[in-house]
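Report on the structure given below.
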Amino acid sequence: ALLPQVREELARHEVNLVVTGHARGQAPRPAYHVLVDYARGIEVAVGHLARLGHRRLALVTPEDAVRLDEPDGARAIGKPYYPGYRAGLARHGLEKSGSLALIDPDNAEESIGRLQRILRRPARPTGFVCDADFRARFVYEAAQRQGLRIPQDLSVVGMNDTPWCGALMPELTSVNVGERAVARLVMVLCEKGAPVEEMVTWVGPHLVERQSCRRLPSK
């Protein structure tokens, strides 16, 4: 929620043009572009689970974020989460074992039911990456209904390091994508002179470890 608020605030004032988001957009004049690397954030989450020994992962994301628009019929997501997920799987040699857990964010029971069906699979995922912290609540509830424990049976990582992380028990490990750093940087740039050419700055993510992940025992 921070980034749209920053954008709206800047639009109300005659300040040097600063554009925030996850992709470089169009601006009416040379601008400072401050971008959050959500795709890299998902990669960080995948990497954390892979280093803990998880080989079967799932990305929890809304079904309406998925569309079939590539020539070969592969899934593509307009937001950067799935490309980051796919890149993370490839980096750790997990392309064949990664899956999608497509949920209906407007229907909690339907979402939990879908996740329960995934958790009943003989080769169910042991690690879940949620594209937002609050979606992890569906994973927690589905796991409880299936008699599974977090982190003993499942590990879960969220995105954005929000207050949801402390509201869930055990507390949720999450990727902080640097939105506070974006806000500070925007304020600094507002004090500078107008740029004579486009300037792009990426803010990198970092993992905030809590109690929702566990290293798998060696076989």
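Ordering of the structure tokens sets the chain letters (A, B, ...); residue numbers start at 1 within each chain; ligands are numbered from 1 in the order shown.
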
Name all residues at most 7 Å from Thr61 (chain A) (count only C-alpha atoms; drop same-chain ones fewer than 5 positions away) and give them as a VMD selection string.
chain A and resid 101 to 103 130 to 131

Counting only C-alpha atoms, which residues of region 106-219 of chain A sit at most 10 Å from some atom of region 91-100 of chain A, and what is each one's closest atom pair with its distance in Å to one decimal, listed by chain and rising residue number, as a tab-separated table?
residue	atom	partner	partner_atom	distance
A:Ile118	CA	A:Leu100	CA	9.7
A:Ala123	CA	A:Ser97	CA	9.6
A:Arg124	CA	A:Ser99	CA	9.9
A:Pro125	CA	A:Ser99	CA	8.1
A:Gly127	CA	A:Gly98	CA	9.7
A:Phe128	CA	A:Leu100	CA	9.5
A:Val129	CA	A:Leu100	CA	9.6

Keeping only C-alpha atoms, write the selected residues to a file as a PDB file, in the first residue's frame.
ATOM      1  CA  ILE A 118      -2.672 -30.045  -2.653  1.00  0.00           C
ATOM      2  CA  ALA A 123       4.249 -35.990  -3.093  1.00  0.00           C
ATOM      3  CA  ARG A 124       2.889 -32.787  -1.601  1.00  0.00           C
ATOM      4  CA  PRO A 125       4.984 -29.611  -1.460  1.00  0.00           C
ATOM      5  CA  GLY A 127       7.652 -25.457   1.161  1.00  0.00           C
ATOM      6  CA  PHE A 128       5.184 -22.703   0.248  1.00  0.00           C
ATOM      7  CA  VAL A 129       6.021 -19.218  -1.040  1.00  0.00           C
TER       8      VAL A 129
END

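Minimum atom-to-atom distances from A:Met169, A:Ile150, A:Val203, A:Ala58 to Leu185 (chain A) were compared using only C-alpha atoms, and the lowest value belongs to A:Val203.
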
Can you list every residue in region 14-199 of chain A that DSSP puts in alpha helix (DSSP H), as a ChimeraX atom specification?
/A:38-51,81-91,108-119,136-145,164-167,179-190

Atom-to-atom span, CA of Glu197 (chain A) and CA of Gly25 (chain A), Å
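About the pair CA of Glu197 (chain A) and CA of Gly25 (chain A): they are 14.4 Å apart.
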
Taking 4 positions as the minimum chain separation for residues in the same chain, which residues sit within 10 Å of Arg117 (chain A) when counting only C-alpha atoms? Answer as a list in words.
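In the requested form, the answer reads Ala101, Ile112, Gly113, Arg121, Arg124, Ala142 and Gln146 of chain A.
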